[in-house]
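K.L.:
Sharing a structure below in structure tokens format, with a few things to ask.
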Amino acid sequence: MPRALITGITGQDGLYLSELLLREGYEVYGLIRGQNNPKADLVAREVPGVQLLTGDLTDLSSLLRALRVAQPDEVYNLGAVSFVAYSWEQAALTTEVTATGVLNILEAIRLHSGDDPSRIRFYQASSSEMFGKVQDVPQRESTLLWPRSPYGVAKVYGHYMTINYRESYGMHASSGILFNHESPRRGPEFVTRKVSMGVAAIKLGLRDKLTMGNLDARRDWGFAGDYVEAMWRMLQQPTASDFVVATGETHSVRELLECAFRVAGIDDWEQHIDQDKSFFRPAEVDLLIGDASRARTVLGWKPSVDFEGLVTMMVEADLRRLHDAQR
Ligand code: NDP
Ligand code: GDR
């Protein structure tokens, strides 16, 4: 039975990835931080079968302990301070977790593996946010990185450190440059979920307005369930490398709103939107669109849910959830 250790188990991707690995017959361990993390219940409810180990990406010895217990064949490093807007407010913490945390887990694997650092396969959750002020359209593996947020800068560090451990120690370390991926499990601070929850509340008459930031930003949005499949496929390759994972379609936040209100059967959507400067970012990433040809050719990966399907899935899930909560 293969064994996997996932950091960031309580997040959106941790839940989808552990479902996939359990389906594939893995023994799955998840790293959870804090002495009484309230999301432990969520993990137990959504993915029973995952075994939780206490640890933190900022604490090297806790990572070594987790590796000793889990004895994993594969490690997926999904843990991060992942909300871009927040990274300006806590840039040092973001650096500690999202950048130095990657070094800590790589170093823990190297120390734990003894003579053969390649025996544990490693996945790093890199991000399209590293492309920032984009230098190519669409963005691919070879596009110059130009991050625009403390989060993006931290991810660039983790990305290059992963490549460096691969080249220095022969580790099987791969980096997935994933574009935005969403789902009904997305955190409420991210724009797609903020919109799906807000639209559902407006539809059920629980509120009238949704306050947004920049409506012109464009993102390449896919479904998280598809993207964790790409992570897993990367670690099944004989050699490690880096892959862009994206749908190849881009939509603005305005189009996201139009689509979400349409799904809920509301036509006069602009009446329900306010804008507030506090939701704008000090430096914006205006346009992201990924070229996932390499993932398609080498991994045989392609997305199964399009933009309309994704927004429909999220709005319908929030309508159901709110409706049930009212009963
Ligand atoms: P989430 O924000 O949903 O989850 C982040 C996870 O990191 C949570 O489980 C959180 O734990 C954990 N975490 C935070 N701080 C620490 C720490 N100090 N030590 C250990 N774990 C910690 O993110 P997603 O699931 O959406 O994303 C997964 C990864 O992929 C992240 O690294 C993200 O940056 C990256 N990524 C995401 C994309 C997306 O569109 N979703 C696109 C590209 C990359 P807790 O619950 O305790 O806070
Ligand atoms: P992003 O996702 O920054 O791309 O990072 P987010 O959903 O937060 O923002 C997407 C775009 O929407 C604009 N926007 C708003 N965003 C939020 N959160 N709230 C608003 O009210 C709002 N109005 C407009 C933003 O300005 C931005 O342009 C996500 C995270 O999952 C990262 O961890 C990951 O690496 C990248 O995706 C790829």
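FYI, nothing fancy with the structure tokens labels: chains A, B, ... in order, residues from 1 per chain, ligands from 1 as they appear.
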If the limit is 6 Å from any atom of ligand 1, counting only C-alpha atoms and all ligand atoms, which residues qualify? Return them as a list in words.
P.N.:
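The neighbouring residues of ligand 1 are, in order, Thr7, Gly8, Ile9, Thr10, Gly11, Gln12, Asp13, Gly14, Arg33, Asp56, Leu57, Thr58, Leu78, Gly79, Ala80, Val81, Ser82, Val97, Ala125, Ser126, Ser127, Leu178, Phe179, Asn180, His181 and Gly187 of chain A.
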K.L.:
Give the residue list for ligand 2 at 9 Å, counting only C-alpha atoms and all ligand atoms, as number ranges by chain, sorted by chain and then by residue number.
P.N.:
A: 80-85, 125-130, 151-152, 155, 177-182, 186-195, 210-221, 252-254, 275-276, 278-281, 283-288
K.L.:
Could you check how far atom CA of Leu64 of chain A sits from atom CA of Val244 of chain A, in Å to one decimal?
P.N.:
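Separation between atom CA of Leu64 of chain A and atom CA of Val244 of chain A: 29.6 Å.
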K.L.:
Could you give me, as a Markdown table, a per-residue list for segment 141-206 of chain A showing, wherever an atom lies at most 8 Å from an atom of segment 309-322 of chain A, the closest pair of atoms and their distance in Å to one decimal, using only C-alpha atoms and sorting by chain then residue number from low to high?
P.N.:
```
| residue | atom | partner | partner_atom | distance |
| --- | --- | --- | --- | --- |
| A:Glu182 | CA | A:Leu310 | CA | 7.7 |
| A:Ser183 | CA | A:Met314 | CA | 6.1 |
| A:Pro184 | CA | A:Met314 | CA | 5.0 |
| A:Thr192 | CA | A:Val311 | CA | 7.8 |
| A:Arg193 | CA | A:Met314 | CA | 7.3 |
| A:Ser196 | CA | A:Val315 | CA | 4.6 |
| A:Met197 | CA | A:Asp318 | CA | 5.7 |
| A:Val199 | CA | A:Val315 | CA | 7.2 |
| A:Ala200 | CA | A:Leu319 | CA | 5.0 |
| A:Ala201 | CA | A:Leu322 | CA | 7.3 |
| A:Leu204 | CA | A:Leu319 | CA | 7.9 |
```
K.L.:
Please identify all polymer residues within 7 Å of segment 102-118 of chain A, counting only C-alpha atoms, omitting same-chain residues fewer than 6 positions from it, and present them as a list of chain:residue names.
P.N.:
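Answer for this query is A:Leu57, A:Leu60, A:Leu63, A:Leu64, A:Gly158, A:Met161, A:Tyr169, A:Gly170, A:Met171, A:His172.
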K.L.:
Keeping N, CA and C atoms for every residue in the selection just given, could you write it to a file as a compact mmCIF listing (two decimals), in the first residue's frame?
P.N.:
```txt
# COMPACT_ATOMS: atom_id res chain seq x y z
N LEU A 57 4.76 23.92 9.20
CA LEU A 57 5.83 24.11 8.21
C LEU A 57 6.96 24.98 8.73
N LEU A 60 10.86 22.69 11.82
CA LEU A 60 11.54 21.58 11.14
C LEU A 60 11.41 20.25 11.88
N LEU A 63 8.29 18.43 11.36
CA LEU A 63 8.19 17.79 10.03
C LEU A 63 8.97 16.47 10.03
N LEU A 64 10.12 16.48 10.69
CA LEU A 64 10.90 15.23 10.78
C LEU A 64 10.10 14.16 11.53
N GLY A 158 9.95 29.18 -3.13
CA GLY A 158 9.65 27.75 -2.95
C GLY A 158 9.83 26.98 -4.25
N MET A 161 13.58 26.68 -4.95
CA MET A 161 14.22 25.80 -3.96
C MET A 161 13.89 24.33 -4.31
N TYR A 169 20.48 17.38 -5.10
CA TYR A 169 20.49 16.10 -4.38
C TYR A 169 19.83 14.97 -5.16
N GLY A 170 19.39 15.27 -6.39
CA GLY A 170 18.73 14.23 -7.19
C GLY A 170 17.37 13.85 -6.64
N MET A 171 16.74 14.76 -5.88
CA MET A 171 15.42 14.43 -5.36
C MET A 171 14.39 14.38 -6.46
N HIS A 172 13.40 13.49 -6.29
CA HIS A 172 12.27 13.45 -7.23
C HIS A 172 11.29 14.54 -6.77
```
K.L.:
Which of segment 104-220 of chain A end up as strand (DSSP E or B) when DSSP is run on this backbone - answer as a list in words?
P.N.:
Arg121, Phe122, Tyr123, Gln124, Ala125, Ser126, Ser127, Gln139, Ala173, Ser174, Ser175, Gly176, Ile177, Leu178, His181, Glu182, Leu210, Thr211, Met212, Arg218 and Arg219 of chain A
K.L.:
Those residues with N, CA, C and O atoms, as a PDB file, in the first residue's frame please?
P.N.:
```pdb
ATOM      1  N   ARG A 121       9.011  10.914  -3.168  1.00  0.00           N
ATOM      2  CA  ARG A 121       8.653  11.841  -4.243  1.00  0.00           C
ATOM      3  C   ARG A 121       7.955  13.067  -3.644  1.00  0.00           C
ATOM      4  O   ARG A 121       7.117  12.924  -2.750  1.00  0.00           O
ATOM      5  N   PHE A 122       8.307  14.242  -4.169  1.00  0.00           N
ATOM      6  CA  PHE A 122       7.853  15.491  -3.541  1.00  0.00           C
ATOM      7  C   PHE A 122       7.109  16.365  -4.542  1.00  0.00           C
ATOM      8  O   PHE A 122       7.572  16.554  -5.673  1.00  0.00           O
ATOM      9  N   TYR A 123       5.971  16.895  -4.105  1.00  0.00           N
ATOM     10  CA  TYR A 123       5.201  17.835  -4.927  1.00  0.00           C
ATOM     11  C   TYR A 123       5.161  19.197  -4.247  1.00  0.00           C
ATOM     12  O   TYR A 123       4.791  19.290  -3.070  1.00  0.00           O
ATOM     13  N   GLN A 124       5.522  20.240  -4.975  1.00  0.00           N
ATOM     14  CA  GLN A 124       5.414  21.601  -4.451  1.00  0.00           C
ATOM     15  C   GLN A 124       4.282  22.339  -5.158  1.00  0.00           C
ATOM     16  O   GLN A 124       4.205  22.358  -6.386  1.00  0.00           O
ATOM     17  N   ALA A 125       3.419  22.970  -4.338  1.00  0.00           N
ATOM     18  CA  ALA A 125       2.275  23.721  -4.870  1.00  0.00           C
ATOM     19  C   ALA A 125       2.726  25.117  -5.299  1.00  0.00           C
ATOM     20  O   ALA A 125       2.570  26.095  -4.575  1.00  0.00           O
ATOM     21  N   SER A 126       3.296  25.197  -6.503  1.00  0.00           N
ATOM     22  CA  SER A 126       3.641  26.509  -7.061  1.00  0.00           C
ATOM     23  C   SER A 126       2.382  27.123  -7.676  1.00  0.00           C
ATOM     24  O   SER A 126       1.347  26.464  -7.784  1.00  0.00           O
ATOM     25  N   SER A 127       2.516  28.379  -8.112  1.00  0.00           N
ATOM     26  CA  SER A 127       1.293  29.120  -8.452  1.00  0.00           C
ATOM     27  C   SER A 127       1.477  30.026  -9.661  1.00  0.00           C
ATOM     28  O   SER A 127       2.548  30.612  -9.869  1.00  0.00           O
ATOM     29  N   GLN A 139       0.787  31.935 -20.406  1.00  0.00           N
ATOM     30  CA  GLN A 139       1.987  31.648 -19.629  1.00  0.00           C
ATOM     31  C   GLN A 139       2.263  30.146 -19.657  1.00  0.00           C
ATOM     32  O   GLN A 139       1.353  29.335 -19.571  1.00  0.00           O
ATOM     33  N   ALA A 173      11.617  15.791  -7.116  1.00  0.00           N
ATOM     34  CA  ALA A 173      10.833  16.935  -6.631  1.00  0.00           C
ATOM     35  C   ALA A 173      10.230  17.663  -7.820  1.00  0.00           C
ATOM     36  O   ALA A 173      10.954  18.153  -8.685  1.00  0.00           O
ATOM     37  N   SER A 174       8.909  17.717  -7.854  1.00  0.00           N
ATOM     38  CA  SER A 174       8.204  18.357  -8.975  1.00  0.00           C
ATOM     39  C   SER A 174       7.416  19.545  -8.468  1.00  0.00           C
ATOM     40  O   SER A 174       6.934  19.560  -7.341  1.00  0.00           O
ATOM     41  N   SER A 175       7.248  20.498  -9.383  1.00  0.00           N
ATOM     42  CA  SER A 175       6.536  21.694  -9.013  1.00  0.00           C
ATOM     43  C   SER A 175       5.386  21.882  -9.989  1.00  0.00           C
ATOM     44  O   SER A 175       5.596  21.929 -11.205  1.00  0.00           O
ATOM     45  N   GLY A 176       4.182  21.978  -9.453  1.00  0.00           N
ATOM     46  CA  GLY A 176       3.013  22.215 -10.297  1.00  0.00           C
ATOM     47  C   GLY A 176       2.676  23.689 -10.269  1.00  0.00           C
ATOM     48  O   GLY A 176       2.398  24.242  -9.208  1.00  0.00           O
ATOM     49  N   ILE A 177       2.769  24.336 -11.445  1.00  0.00           N
ATOM     50  CA  ILE A 177       2.412  25.765 -11.506  1.00  0.00           C
ATOM     51  C   ILE A 177       0.927  25.820 -11.827  1.00  0.00           C
ATOM     52  O   ILE A 177       0.520  25.817 -12.992  1.00  0.00           O
ATOM     53  N   LEU A 178       0.138  25.802 -10.768  1.00  0.00           N
ATOM     54  CA  LEU A 178      -1.302  25.693 -10.945  1.00  0.00           C
ATOM     55  C   LEU A 178      -1.961  27.064 -11.011  1.00  0.00           C
ATOM     56  O   LEU A 178      -1.650  27.952 -10.216  1.00  0.00           O
ATOM     57  N   HIS A 181      -7.840  27.471  -9.048  1.00  0.00           N
ATOM     58  CA  HIS A 181      -8.815  26.381  -9.105  1.00  0.00           C
ATOM     59  C   HIS A 181      -9.729  26.459  -7.893  1.00  0.00           C
ATOM     60  O   HIS A 181      -9.298  26.782  -6.790  1.00  0.00           O
ATOM     61  N   GLU A 182     -10.976  26.169  -8.124  1.00  0.00           N
ATOM     62  CA  GLU A 182     -12.050  26.538  -7.211  1.00  0.00           C
ATOM     63  C   GLU A 182     -12.989  25.357  -7.025  1.00  0.00           C
ATOM     64  O   GLU A 182     -12.922  24.376  -7.769  1.00  0.00           O
ATOM     65  N   LEU A 210     -23.512  42.980  -2.610  1.00  0.00           N
ATOM     66  CA  LEU A 210     -22.225  42.302  -2.502  1.00  0.00           C
ATOM     67  C   LEU A 210     -21.157  43.362  -2.786  1.00  0.00           C
ATOM     68  O   LEU A 210     -21.231  44.036  -3.817  1.00  0.00           O
ATOM     69  N   THR A 211     -20.185  43.513  -1.882  1.00  0.00           N
ATOM     70  CA  THR A 211     -19.166  44.554  -2.072  1.00  0.00           C
ATOM     71  C   THR A 211     -17.888  43.935  -2.609  1.00  0.00           C
ATOM     72  O   THR A 211     -17.301  43.053  -1.971  1.00  0.00           O
ATOM     73  N   MET A 212     -17.484  44.415  -3.785  1.00  0.00           N
ATOM     74  CA  MET A 212     -16.375  43.790  -4.517  1.00  0.00           C
ATOM     75  C   MET A 212     -15.209  44.758  -4.702  1.00  0.00           C
ATOM     76  O   MET A 212     -15.338  45.953  -4.488  1.00  0.00           O
ATOM     77  N   ARG A 218      -8.521  39.434 -14.698  1.00  0.00           N
ATOM     78  CA  ARG A 218      -8.904  38.221 -15.435  1.00  0.00           C
ATOM     79  C   ARG A 218      -8.115  37.032 -14.891  1.00  0.00           C
ATOM     80  O   ARG A 218      -6.918  37.130 -14.633  1.00  0.00           O
ATOM     81  N   ARG A 219      -8.830  35.935 -14.735  1.00  0.00           N
ATOM     82  CA  ARG A 219      -8.197  34.723 -14.230  1.00  0.00           C
ATOM     83  C   ARG A 219      -8.576  33.532 -15.090  1.00  0.00           C
ATOM     84  O   ARG A 219      -9.616  33.518 -15.749  1.00  0.00           O
TER      85      ARG A 219
END
```
K.L.:
As a PyMOL selection string, please: every residue in segment 124-298 of chain A that a backbone DSSP assignment puts in alpha helix (DSSP H).
P.N.:
chain A and resi 150-169+191-203+224-235+253-263+293-294
